[in-house]
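A.B. asks: Below is the file protein.pdb, which contains PDB, C-alpha atoms.
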ATOM      1  CA  MET F 104       0.000   0.000   0.000
ATOM      2  CA  GLU F 105       1.274   3.477  -0.876
ATOM      3  CA  ASP F 106       0.458   6.651   1.039
ATOM      4  CA  TYR F 107      -0.677   9.784  -0.783
ATOM      5  CA  VAL F 108      -0.424  13.039   1.168
ATOM      6  CA  PHE F 109      -2.461  16.134   0.344
ATOM      7  CA  GLU F 110      -2.646  19.530   2.007
ATOM      8  CA  ASP F 111      -6.312  20.404   1.788
ATOM      9  CA  VAL F 112      -6.665  24.135   1.183
ATOM     10  CA  LEU F 113     -10.329  24.473   2.096
ATOM     11  CA  ALA F 114     -10.284  22.297   5.222
ATOM     12  CA  GLY F 115      -6.823  23.458   6.288
ATOM     13  CA  SER F 116      -5.746  19.887   7.086
ATOM     14  CA  THR F 117      -3.059  17.480   5.923
ATOM     15  CA  VAL F 118      -4.710  14.284   4.717
ATOM     16  CA  THR F 119      -2.874  10.985   4.222
ATOM     17  CA  CYS F 120      -4.719   8.339   2.194
ATOM     18  CA  GLY F 121      -3.436   4.822   1.612
ATOM     19  CA  PHE F 122      -4.073   3.150  -1.736
ATOM     20  CA  PRO F 123      -5.419   0.583  -2.116
ATOM     21  CA  GLY F 124      -7.354   0.246   1.109
ATOM     22  CA  LEU F 125      -8.071   3.965   1.538
ATOM     23  CA  ASP F 126      -6.967   4.080   5.178
ATOM     24  CA  THR F 127      -7.050   7.759   6.039
ATOM     25  CA  ARG F 128      -5.335   9.982   8.602
ATOM     26  CA  VAL F 129      -5.995  13.657   9.197
ATOM     27  CA  ALA F 130      -3.466  15.977  10.810
ATOM     28  CA  ALA F 131      -4.156  19.437  12.157
ATOM     29  CA  ALA F 132      -3.181  22.327   9.931
ATOM     30  CA  ASP F 133      -0.296  24.646  10.684
ATOM     31  CA  GLY F 134      -2.631  27.499   9.871
ATOM     32  CA  PRO F 135      -5.082  28.740   7.265
ATOM     33  CA  ARG F 136      -4.120  28.019   3.666
ATOM     34  CA  ARG F 137      -4.743  30.274   0.709
ATOM     35  CA  ALA F 138      -4.808  29.511  -2.998
ATOM     36  CA  ARG F 139      -6.191  31.483  -5.899
ATOM     37  CA  THR F 140      -6.600  28.337  -7.984
ATOM     38  CA  LEU F 141      -7.686  24.910  -6.810
ATOM     39  CA  PHE F 142      -8.002  21.323  -8.060
ATOM     40  CA  PHE F 143     -11.216  19.625  -6.910
ATOM     41  CA  PRO F 144     -11.063  15.893  -7.815
ATOM     42  CA  GLY F 145     -14.362  14.837  -6.228
ATOM     43  CA  CYS F 146     -15.276  11.748  -4.204
ATOM     44  CA  SER F 147     -15.391   9.240  -7.058
ATOM     45  CA  LEU F 148     -11.881   9.905  -8.375
ATOM     46  CA  ILE F 149     -10.495   9.873  -4.813
ATOM     47  CA  ASN F 150     -12.042   6.477  -4.085
ATOM     48  CA  TYR F 151     -11.457   4.645  -7.338
ATOM     49  CA  ALA F 152      -8.198   6.142  -8.608
ATOM     50  CA  LEU F 153      -6.182   7.936  -5.945
ATOM     51  CA  PRO F 154      -2.955   7.608  -8.000
ATOM     52  CA  LEU F 155      -4.686   9.516 -10.810
ATOM     53  CA  VAL F 156      -5.686  12.252  -8.345
ATOM     54  CA  LYS F 157      -2.017  12.739  -7.524
ATOM     55  CA  ALA F 158      -0.952  12.515 -11.181
ATOM     56  CA  VAL F 159      -3.504  15.085 -12.360
ATOM     57  CA  TYR F 160      -2.775  17.413  -9.450
ATOM     58  CA  ASP F 161       0.962  17.278 -10.107
ATOM     59  CA  LEU F 162       0.391  17.935 -13.816
ATOM     60  CA  LEU F 163      -1.835  20.953 -13.152
ATOM     61  CA  ALA F 164       0.466  22.314 -10.445
ATOM     62  CA  GLN F 165       3.568  21.977 -12.625
ATOM     63  CA  ALA F 166       1.732  23.794 -15.416
ATOM     64  CA  GLU F 167       0.863  26.522 -12.861
ATOM     65  CA  ARG F 168      -2.851  25.994 -13.460
ATOM     66  CA  VAL F 169      -3.592  25.286  -9.780
ATOM     67  CA  GLU F 170      -1.978  26.256  -6.502
ATOM     68  CA  GLY F 171      -3.723  23.784  -4.211
ATOM     69  CA  ILE F 172      -6.191  20.934  -3.821
ATOM     70  CA  SER F 173      -9.253  20.054  -1.780
ATOM     71  CA  LEU F 174     -10.560  16.533  -1.180
ATOM     72  CA  LEU F 175     -13.956  17.736   0.019
ATOM     73  CA  CYS F 176     -17.244  16.372  -1.267
ATOM     74  CA  CYS F 177     -19.190  18.845  -3.418
ATOM     75  CA  GLY F 178     -22.295  18.155  -1.338
ATOM     76  CA  LYS F 179     -24.592  16.710  -4.007
ATOM     77  CA  ILE F 180     -24.886  13.303  -2.333
ATOM     78  CA  LEU F 181     -26.077  14.976   0.874
ATOM     79  CA  SER F 182     -29.437  15.505  -0.811
ATOM     80  CA  PHE F 183     -30.063  11.772  -0.371
ATOM     81  CA  GLU F 184     -29.419  11.858   3.375
ATOM     82  CA  PRO F 185     -32.179  12.248   6.004
ATOM     83  CA  ASP F 186     -33.308  15.892   5.962
ATOM     84  CA  GLY F 187     -31.061  16.194   2.913
ATOM     85  CA  LYS F 188     -32.115  19.645   1.753
ATOM     86  CA  ALA F 189     -31.201  21.306   5.047
ATOM     87  CA  VAL F 190     -28.027  19.236   5.490
ATOM     88  CA  ARG F 191     -26.786  20.111   2.029
ATOM     89  CA  ALA F 192     -27.632  23.812   2.438
ATOM     90  CA  ALA F 193     -25.657  23.971   5.697
ATOM     91  CA  PHE F 194     -22.647  22.272   4.115
ATOM     92  CA  GLU F 195     -22.734  24.545   1.067
ATOM     93  CA  ASP F 196     -22.809  27.618   3.302
ATOM     94  CA  GLU F 197     -19.696  26.381   5.093
ATOM     95  CA  LEU F 198     -18.066  25.475   1.768
ATOM     96  CA  CYS F 199     -18.621  28.988   0.413
ATOM     97  CA  ALA F 200     -17.212  30.502   3.583
ATOM     98  CA  HIS F 201     -14.029  28.444   3.255
ATOM     99  CA  VAL F 202     -13.675  29.171  -0.471
ATOM    100  CA  ALA F 203     -13.949  32.886   0.261
ATOM    101  CA  ALA F 204     -11.533  32.704   3.204
ATOM    102  CA  ALA F 205      -8.959  30.862   1.099
ATOM    103  CA  GLY F 206      -9.142  33.531  -1.604
ATOM    104  CA  VAL F 207     -10.042  30.999  -4.289
ATOM    105  CA  GLU F 208     -10.857  32.549  -7.661
ATOM    106  CA  ARG F 209     -10.801  29.500  -9.933
ATOM    107  CA  ILE F 210     -11.535  25.783  -9.414
ATOM    108  CA  VAL F 211     -10.645  22.985 -11.843
ATOM    109  CA  ALA F 212     -13.063  20.126 -11.143
ATOM    110  CA  ALA F 213     -12.759  16.555 -12.418
ATOM    111  CA  CYS F 214     -16.397  15.515 -12.015
ATOM    112  CA  PRO F 215     -19.449  16.730 -13.983
ATOM    113  CA  ASN F 216     -21.564  16.443 -10.834
ATOM    114  CA  CYS F 217     -19.056  18.539  -8.889
ATOM    115  CA  VAL F 218     -18.973  21.225 -11.586
ATOM    116  CA  ALA F 219     -22.753  21.556 -11.517
ATOM    117  CA  ALA F 220     -22.965  21.444  -7.711
ATOM    118  CA  LEU F 221     -20.107  23.885  -7.134
ATOM    119  CA  ARG F 222     -21.375  26.350  -9.698
ATOM    120  CA  GLY F 223     -24.823  26.283  -8.168
ATOM    121  CA  ALA F 224     -23.632  26.767  -4.595
ATOM    122  CA  LEU F 225     -20.937  29.360  -5.291
ATOM    123  CA  ALA F 226     -23.105  31.491  -7.572
ATOM    124  CA  GLU F 227     -25.828  31.840  -4.944
ATOM    125  CA  ASP F 228     -23.462  33.208  -2.291
ATOM    126  CA  GLU F 229     -22.270  36.795  -2.691
ATOM    127  CA  ARG F 230     -18.918  35.863  -1.150
ATOM    128  CA  THR F 231     -18.144  33.426  -3.973
ATOM    129  CA  ALA F 232     -20.342  34.518  -6.880
ATOM    130  CA  GLY F 233     -17.313  35.395  -8.999
ATOM    131  CA  VAL F 234     -15.465  32.075  -8.581
ATOM    132  CA  GLU F 235     -14.907  30.276 -11.900
ATOM    133  CA  VAL F 236     -15.419  26.491 -12.060
ATOM    134  CA  VAL F 237     -13.679  24.798 -15.008
ATOM    135  CA  PRO F 238     -14.180  21.180 -16.200
ATOM    136  CA  LEU F 239     -10.940  19.191 -16.109
ATOM    137  CA  PRO F 240     -11.159  17.830 -19.707
ATOM    138  CA  LEU F 241     -11.266  21.364 -21.114
ATOM    139  CA  GLU F 242      -8.293  22.349 -18.958
ATOM    140  CA  LEU F 243      -6.270  19.372 -20.179
ATOM    141  CA  GLU F 244      -7.264  20.050 -23.786
ATOM    142  CA  ALA F 245      -6.197  23.688 -23.452
ATOM    143  CA  LEU F 246      -2.805  22.530 -22.135
ATOM    144  CA  GLY F 247      -2.331  20.493 -25.287
ATOM    145  CA  TYR F 248      -2.851  17.013 -23.900
ATOM    146  CA  ARG F 249      -4.402  14.285 -26.052
ATOM    147  CA  VAL F 250      -5.016  10.562 -25.627
ATOM    148  CA  ASP F 251      -2.411   8.620 -27.597
ATOM    149  CA  ALA F 252      -4.198   6.368 -30.104
ATOM    150  CA  GLU F 253      -1.701   3.539 -29.703
ATOM    151  CA  VAL F 254      -2.022   3.585 -25.930
ATOM    152  CA  ALA F 255      -5.824   3.548 -26.176
ATOM    153  CA  LYS F 256      -5.788   0.659 -28.646
ATOM    154  CA  ARG F 257      -3.330  -1.322 -26.536
ATOM    155  CA  LEU F 258      -5.373  -0.904 -23.355
ATOM    156  CA  LEU F 259      -8.604  -1.824 -25.111
ATOM    157  CA  ALA F 260      -7.110  -4.815 -26.928
ATOM    158  CA  ALA F 261      -5.694  -6.145 -23.646
ATOM    159  CA  GLU F 262      -9.037  -5.707 -21.911
ATOM    160  CA  LEU F 263     -10.943  -7.472 -24.688
ATOM    161  CA  GLU F 264      -8.457 -10.327 -24.723
ATOM    162  CA  ALA F 265      -8.563 -10.761 -20.947
ATOM    163  CA  GLY F 266     -12.362 -10.574 -20.857
ATOM    164  CA  ALA F 267     -13.184 -12.385 -24.102
ATOM    165  CA  ALA F 268     -15.364 -14.901 -22.284
ATOM    166  CA  PHE F 269     -17.108 -12.152 -20.338
ATOM    167  CA  TYR F 270     -17.956  -9.359 -22.748
ATOM    168  CA  GLU F 271     -20.810  -9.956 -25.182
ATOM    169  CA  VAL F 272     -19.029  -7.903 -27.837
ATOM    170  CA  CYS F 273     -16.505 -10.765 -28.032
ATOM    171  CA  ALA F 274     -19.194 -13.415 -28.603
ATOM    172  CA  GLU F 275     -18.214 -16.379 -30.763
ATOM    173  CA  GLY F 276     -14.555 -15.415 -30.593
ATOM    174  CA  ALA F 277     -14.914 -12.440 -32.916
ATOM    175  CA  ARG F 278     -12.309  -9.667 -32.568
ATOM    176  CA  PRO F 279     -14.282  -6.405 -32.664
ATOM    177  CA  PRO F 280     -12.843  -3.163 -34.040
ATOM    178  CA  LEU F 281     -11.049  -1.083 -31.414
ATOM    179  CA  ARG F 282     -13.441   1.813 -31.049
ATOM    180  CA  PHE F 283     -14.880   3.691 -28.083
ATOM    181  CA  SER F 284     -18.524   4.749 -27.852
ATOM    182  CA  VAL F 285     -18.670   8.100 -26.046
ATOM    183  CA  HIS F 286     -20.936   8.275 -22.989
ATOM    184  CA  ASP F 287     -22.041  11.740 -21.835
ATOM    185  CA  SER F 288     -23.176  12.303 -18.248
ATOM    186  CA  CYS F 289     -26.496  13.743 -17.116
ATOM    187  CA  PRO F 290     -25.205  16.905 -15.361
ATOM    188  CA  ASP F 291     -23.285  17.924 -18.494
ATOM    189  CA  ARG F 292     -26.327  18.010 -20.789
ATOM    190  CA  ALA F 293     -26.966  21.724 -20.350
ATOM    191  CA  THR F 294     -23.461  22.956 -21.225
ATOM    192  CA  GLY F 295     -21.779  20.047 -23.039
ATOM    193  CA  GLU F 296     -18.385  21.077 -21.672
ATOM    194  CA  PHE F 297     -17.295  17.611 -20.590
ATOM    195  CA  ALA F 298     -18.661  16.250 -23.869
ATOM    196  CA  ASP F 299     -16.578  18.752 -25.837
ATOM    197  CA  GLY F 300     -13.472  18.137 -23.747
ATOM    198  CA  LEU F 301     -13.726  14.364 -23.969
ATOM    199  CA  ARG F 302     -14.064  14.396 -27.752
ATOM    200  CA  ALA F 303     -11.170  16.839 -28.075
ATOM    201  CA  LEU F 304      -8.932  14.547 -26.023
ATOM    202  CA  MET F 305      -9.897  11.304 -27.802
ATOM    203  CA  PRO F 306      -8.377  10.232 -31.143
ATOM    204  CA  ALA F 307     -11.151  10.982 -33.656
ATOM    205  CA  GLU F 308     -10.672   7.692 -35.487
ATOM    206  CA  LEU F 309     -11.334   5.707 -32.297
ATOM    207  CA  ALA F 310     -14.480   7.503 -31.122
ATOM    208  CA  VAL F 311     -18.037   6.678 -32.211
ATOM    209  CA  GLU F 312     -21.284   8.407 -31.281
ATOM    210  CA  PRO F 313     -24.141   6.427 -29.706
ATOM    211  CA  ALA F 314     -27.779   7.115 -30.542
ATOM    212  CA  HIS F 315     -28.154   9.236 -27.400
ATOM    213  CA  ALA F 316     -25.356  11.731 -26.855
ATOM    214  CA  ARG F 317     -24.764  15.236 -25.546
ATOM    215  CA  ARG F 318     -28.148  16.889 -24.817
ATOM    216  CA  SER F 319     -30.007  13.636 -25.533
ATOM    217  CA  SER F 320     -27.672  11.472 -23.432
ATOM    218  CA  GLN F 321     -29.326   8.967 -21.124
ATOM    219  CA  CYS F 322     -28.372   8.117 -17.545
ATOM    220  CA  CYS F 323     -25.916   5.335 -16.723
ATOM    221  CA  GLY F 324     -28.077   4.452 -13.713
ATOM    222  CA  SER F 325     -26.109   6.269 -10.993
ATOM    223  CA  LEU F 326     -28.878   8.681 -10.076
ATOM    224  CA  VAL F 327     -31.554   6.048  -9.478
ATOM    225  CA  ARG F 328     -28.990   3.864  -7.716
ATOM    226  CA  ALA F 329     -28.193   6.701  -5.303
ATOM    227  CA  ALA F 330     -31.930   6.971  -4.665
ATOM    228  CA  GLY F 331     -32.058   3.277  -3.795
ATOM    229  CA  HIS F 332     -33.499   1.784  -7.007
ATOM    230  CA  ALA F 333     -30.938  -0.894  -7.886
ATOM    231  CA  ASP F 334     -33.134  -2.702 -10.445
ATOM    232  CA  LYS F 335     -33.756   0.464 -12.434
ATOM    233  CA  ALA F 336     -30.059   1.322 -12.307
ATOM    234  CA  LEU F 337     -29.155  -2.108 -13.717
ATOM    235  CA  GLU F 338     -31.677  -1.670 -16.533
ATOM    236  CA  GLN F 339     -30.246   1.718 -17.499
ATOM    237  CA  SER F 340     -26.645   0.451 -17.406
ATOM    238  CA  GLN F 341     -27.487  -2.490 -19.651
ATOM    239  CA  ALA F 342     -29.177  -0.149 -22.124
ATOM    240  CA  ARG F 343     -26.018   1.985 -22.361
ATOM    241  CA  GLY F 344     -23.941  -1.080 -23.149
ATOM    242  CA  ALA F 345     -26.340  -2.192 -25.861
ATOM    243  CA  GLU F 346     -26.315   1.279 -27.349
ATOM    244  CA  ALA F 347     -22.505   1.290 -27.488
ATOM    245  CA  VAL F 348     -22.504  -1.980 -29.429
ATOM    246  CA  ALA F 349     -25.189  -0.687 -31.799
ATOM    247  CA  ALA F 350     -22.981   2.353 -32.518
ATOM    248  CA  GLY F 351     -20.089   0.092 -33.528
ATOM    249  CA  GLY F 352     -18.136   0.485 -30.305
ATOM    250  CA  SER F 353     -16.207  -2.269 -28.588
ATOM    251  CA  ALA F 354     -15.912  -0.179 -25.418
ATOM    252  CA  ILE F 355     -17.392   2.850 -23.681
ATOM    253  CA  VAL F 356     -15.337   5.903 -22.752
ATOM    254  CA  ALA F 357     -16.724   8.410 -20.259
ATOM    255  CA  ALA F 358     -15.718  11.697 -18.662
ATOM    256  CA  CYS F 359     -17.516  10.895 -15.380
ATOM    257  CA  VAL F 360     -15.947   8.527 -12.847
ATOM    258  CA  SER F 361     -19.329   7.558 -11.371
ATOM    259  CA  CYS F 362     -20.592   6.626 -14.830
ATOM    260  CA  SER F 363     -17.421   4.650 -15.528
ATOM    261  CA  PHE F 364     -17.753   2.690 -12.304
ATOM    262  CA  LEU F 365     -21.424   1.813 -12.625
ATOM    263  CA  LEU F 366     -21.191   0.911 -16.298
ATOM    264  CA  SER F 367     -18.180  -1.294 -15.492
ATOM    265  CA  VAL F 368     -19.963  -3.312 -12.822
ATOM    266  CA  SER F 369     -23.559  -3.260 -14.067
ATOM    267  CA  GLN F 370     -23.301  -4.189 -17.735
ATOM    268  CA  TRP F 371     -21.243  -6.847 -19.490
ATOM    269  CA  ARG F 372     -21.602  -6.066 -23.160
ATOM    270  CA  VAL F 373     -18.434  -3.938 -23.448
ATOM    271  CA  PRO F 374     -15.544  -2.800 -21.229
ATOM    272  CA  VAL F 375     -15.603   0.750 -19.893
ATOM    273  CA  PHE F 376     -12.813   3.316 -19.582
ATOM    274  CA  HIS F 377     -12.569   6.728 -18.008
ATOM    275  CA  TYR F 378     -10.589   9.003 -20.320
ATOM    276  CA  LEU F 379      -7.931   9.591 -17.648
ATOM    277  CA  GLU F 380      -7.077   5.885 -17.790
ATOM    278  CA  LEU F 381      -6.295   6.286 -21.476
ATOM    279  CA  LEU F 382      -4.488   9.592 -21.019
ATOM    280  CA  PHE F 383      -2.215   8.343 -18.216
ATOM    281  CA  ASP F 384      -1.958   4.714 -19.401
ATOM    282  CA  TRP F 385      -3.159   3.407 -16.036
ATOM    283  CA  ARG F 386      -6.067   0.967 -15.823
ATOM    284  CA  ILE F 387      -8.462   1.190 -12.878
ATOM    285  CA  ASP F 388      -9.567  -2.166 -11.477
ATOM    286  CA  TRP F 389     -13.249  -1.236 -11.467
ATOM    287  CA  ARG F 390     -14.493  -4.678 -10.475
ATOM    288  CA  ALA F 391     -12.312  -4.734  -7.368
ATOM    289  CA  ALA F 392     -13.751  -1.422  -6.191
ATOM    290  CA  ASP F 393     -16.121  -1.313  -3.229
ATOM    291  CA  ALA F 394     -19.816  -1.228  -4.041
ATOM    292  CA  TYR F 395     -20.060   1.998  -2.036
ATOM    293  CA  MET F 396     -17.333   4.569  -1.660
ATOM    294  CA  LYS F 397     -15.377   4.541   1.589
ATOM    295  CA  LEU F 398     -14.297   8.172   1.524
ATOM    296  CA  ARG F 399     -16.509  11.219   1.331
ATOM    297  CA  PHE F 400     -14.978  14.157   3.122
ATOM    298  CA  LEU F 401     -16.914  16.919   4.882
ATOM    299  CA  PHE F 402     -15.462  19.557   7.172
ATOM    300  CA  ASP F 403     -16.526  17.660  10.288
ATOM    301  CA  GLU F 404     -17.365  14.001  10.653
ATOM    302  CA  PRO F 405     -21.124  13.631  11.248
ATOM    303  CA  ALA F 406     -22.508  11.608  14.124
ATOM    304  CA  ALA F 407     -22.862   7.915  13.301
ATOM    305  CA  ASP F 408     -26.431   6.956  12.421
ATOM    306  CA  GLY F 409     -25.851   3.296  11.651
ATOM    307  CA  GLY F 410     -25.840   3.763   7.886
ATOM    308  CA  GLU F 411     -23.084   2.068   5.895
ATOM    309  CA  ALA F 412     -23.986   2.983   2.319
ATOM    310  CA  ARG F 413     -22.788   6.604   2.337
ATOM    311  CA  PRO F 414     -20.218   7.139   5.100
ATOM    312  CA  PHE F 415     -18.689  10.579   5.526
ATOM    313  CA  LYS F 416     -15.408  11.510   7.183
ATOM    314  CA  GLY F 417     -14.356  14.832   8.601
ATOM    315  CA  LEU F 418     -11.254  16.791   7.668
ATOM    316  CA  ALA F 419     -11.227  18.963  10.796
ATOM    317  CA  PRO F 420      -9.319  17.632  13.854
ATOM    318  CA  GLU F 421     -10.750  18.450  17.254
ATOM    319  CA  PRO F 422     -10.308  22.125  18.230
ATOM    320  CA  GLY F 423      -6.951  22.663  19.888
ATOM    321  CA  ASP F 424      -5.732  19.177  18.999
ATOM    322  CA  ASP F 425      -2.656  19.291  16.788
ATOM    323  CA  ARG F 426      -1.991  15.529  16.961
ATOM    324  CA  GLU F 427      -2.430  13.325  13.922
ATOM    325  CA  GLU F 428      -5.777  11.606  14.235
ATOM    326  CA  ALA F 429      -6.840   8.365  12.586
ATOM    327  CA  ARG F 430     -10.173   8.621  10.831
TER     328      ARG F 430
END
Would you put the structure from the file into structure tokens?
C.D. replies:
Amino acid sequence: MEDYVFEDVLAGSTVTCGFPGLDTRVAAADGPRRARTLFFPGCSLINYALPLVKAVYDLLAQAERVEGISLLCCGKILSFEPDGKAVRAAFEDELCAHVAAAGVERIVAACPNCVAALRGALAEDERTAGVEVVPLPLELEALGYRVDAEVAKRLLAAELEAGAAFYEVCAEGARPPLRFSVHDSCPDRATGEFADGLRALMPAELAVEPAHARRSSQCCGSLVRAAGHADKALEQSQARGAEAVAAGGSAIVAACVSCSFLLSVSQWRVPVFHYLELLFDWRIDWRAADAYMKLRFLFDEPAADGGEARPFKGLAPEPGDDREEAR
């Protein structure tokens, strides 16, 4: 297991996360941190691909596109908690206060859900109304990064070979063409920014368009799964796989980590990749991932209510306690 250490600007804590395993320790901050620009990876990327969090952060920091990072949850999932509306509103108020106190002017976010949630919360608070929230794919595209076609083909060919008996696209021993059907996430429908960024990063000759894309994209099943409707989620995931095959794809590529995870574990027609896997040549073991995420960070750890599906951890050590504290 390798430890990844992050200094969280918004929480003012030093967070050590082990990967795999996701054992987490939080140490008290030396003092308030400030950063004009911030990388916001989001819960899904932290849980499923912590090495990619570090790789992307280092890339953005070296390019002087960000000055810091925060591992906090954007707050969207809080809507599904008991008294969710009030709980989420209280968290967003605290989030805006910390963003303002840190002097943040620009946030690069990896998750379409986080972009939508952050924009909504920050715009409604006069302290943070001017903060810009930028989708990560567009930032990477602007820096000149592109997925290497040979890397993408190698990763896909290896996945199809390893899973030939599993994926329906490999039925009867056929070797399908190495092409990726693009899946667009629900929260990106209004702006299409992640859709644009993903297509700009992908080799054009390897990308195919499914019947439902961009504004007409259909859900992977994550939303109904979060609401507790597992059967409906499975049905939607299977439909996305069938649509990818109908489009001539032998895999799905997505810009949303939540979509990538659910489509990986809930449909078996084609393999699924997040574009960062292709860009960094590092395959996520989606099927070894926990059914529910272990890490969702708030400012303070909420009181235990017996629920195991959506645990939250705090990033704020006890007041006056500067000792490292296991979480």
A.B. asks: Could you list, as number ranges by chain, every residue matched by the PyMOL selection byres ((chain F and resi 376) around 9) in this structure?
C.D. replies: F: 259, 283, 354-358, 363-364, 367, 374-375, 377-381, 386-387
A.B. asks: I need the output of the PyMOL selection byres ((chain F and resi 417) around 8) for this file as number ranges by chain; which residues are they?
C.D. replies: F: 400-405, 415-416, 418-420, 430
A.B. asks: List as an MDAnalysis selection string the protein and nucleic acid residues near Cys362 of chain F, meaning an atom at most 12 Å away when all atoms listed in the file are counted, but skip any in the same chain fewer than 3 places from it.
C.D. replies: chainID F and resid 147:148 151 214:216 285:290 321:326 328 336 339:340 343:344 355:359 365:370 375:378 389
A.B. asks: Take the PyMOL selection byres ((chain F and resi 301) around 8), apply it to the structure above, and return the hits as number ranges by chain.
C.D. replies: F: 240-241, 297-300, 302-305, 357-358, 378
A.B. asks: What does the file look like for those residues with C-alpha atoms, as a PDB file, in the frame of the given file?
C.D. replies:
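Result saved to out_26.pdb:
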ATOM      1  CA  PRO F 240     -11.159  17.830 -19.707  1.00  0.00           C
ATOM      2  CA  LEU F 241     -11.266  21.364 -21.114  1.00  0.00           C
ATOM      3  CA  PHE F 297     -17.295  17.611 -20.590  1.00  0.00           C
ATOM      4  CA  ALA F 298     -18.661  16.250 -23.869  1.00  0.00           C
ATOM      5  CA  ASP F 299     -16.578  18.752 -25.837  1.00  0.00           C
ATOM      6  CA  GLY F 300     -13.472  18.137 -23.747  1.00  0.00           C
ATOM      7  CA  ARG F 302     -14.064  14.396 -27.752  1.00  0.00           C
ATOM      8  CA  ALA F 303     -11.170  16.839 -28.075  1.00  0.00           C
ATOM      9  CA  LEU F 304      -8.932  14.547 -26.023  1.00  0.00           C
ATOM     10  CA  MET F 305      -9.897  11.304 -27.802  1.00  0.00           C
ATOM     11  CA  ALA F 357     -16.724   8.410 -20.259  1.00  0.00           C
ATOM     12  CA  ALA F 358     -15.718  11.697 -18.662  1.00  0.00           C
ATOM     13  CA  TYR F 378     -10.589   9.003 -20.320  1.00  0.00           C
TER      14      TYR F 378
END
A.B. asks: Neighbouring residues of segment 178-195 of chain F were defined as those with any atom within 10 Å, considering all atoms listed in the file; residues of the same chain fewer than 4 positions away were excluded. Please report them as a PyMOL selection string.
C.D. replies: chain F and resi 145-146+199-201+216-217+219-221+223-225+227-228+326+329-331+399-403+410+413+415
A.B. asks: Pick from F:Pro123, F:Glu312, F:Leu174, F:Lys157: nearest to Asp393 of chain F, with all atoms listed in the file counted?
C.D. replies: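 Among the listed residues, the smallest separation from Asp393 of chain F belongs to F:Pro123.
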A.B. asks: Could you work out how far atom CA of Ala130 of chain F lies from atom CA of Met104 of chain F, giving the answer in Å with one decimal?
C.D. replies: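 These two atoms are separated by 19.6 Å.
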A.B. asks: From the options F:Gly171, F:Gly247, F:Pro280, F:Gly295, which residue's atoms come nearest to Arg209 of chain F, counting all atoms listed in the file?
C.D. replies: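 Smallest distance to Arg209 of chain F is found for F:Gly171.
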A.B. asks: Using atom CA of Ala274 of chain F and atom CA of Val348 of chain F as the two end points, give the distance in Å to one decimal.
C.D. replies: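 Computing it gives 11.9 Å between the two atoms.
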A.B. asks: Please, what distance in Å, to one decimal, runs between atom CA of Gly266 of chain F and atom CA of Gly351 of chain F?
C.D. replies: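 Computed distance, atom CA of Gly266 of chain F to atom CA of Gly351 of chain F, equals 18.3 Å.
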A.B. asks: Would you please work out which residue, of F:Ala203, F:Val373, F:Glu170, F:Arg222, is nearest to Ala350 of chain F when using only C-alpha atoms?
C.D. replies: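 Among the listed residues, F:Val373 lies closest to Ala350 of chain F.
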A.B. asks: Please list as a ChimeraX atom specification every residue within 12 Å of Ile210 of chain F, counting all atoms listed in the file and excluding residues in the same chain fewer than 3 positions away.
C.D. replies: /F:112-113,138-145,163,168-173,177,202,205-207,213-214,217-218,221-222,225,231,233-239,242
A.B. asks: Please return, as a PyMOL selection string, all polymer residues that have at least one atom within 12 Å of the point (-4.1, 9.5, 1.0); use all atoms listed in the file and the file's own coordinate frame.
C.D. replies: chain F and resi 104-111+117-130+149-150+152-157+174+398+429-430
A.B. asks: Give the padded box for segment 116-124 of chain F as lines of an AutoDock Vina configuration file: axis-aligned, covering all atoms listed in the file, 3 Å on each side, centre and edge lengths in Å to one decimal.
C.D. replies:
center_x = -5.1
center_y = 10.1
center_z = 2.5
size_x = 10.5
size_y = 25.6
size_z = 15.2
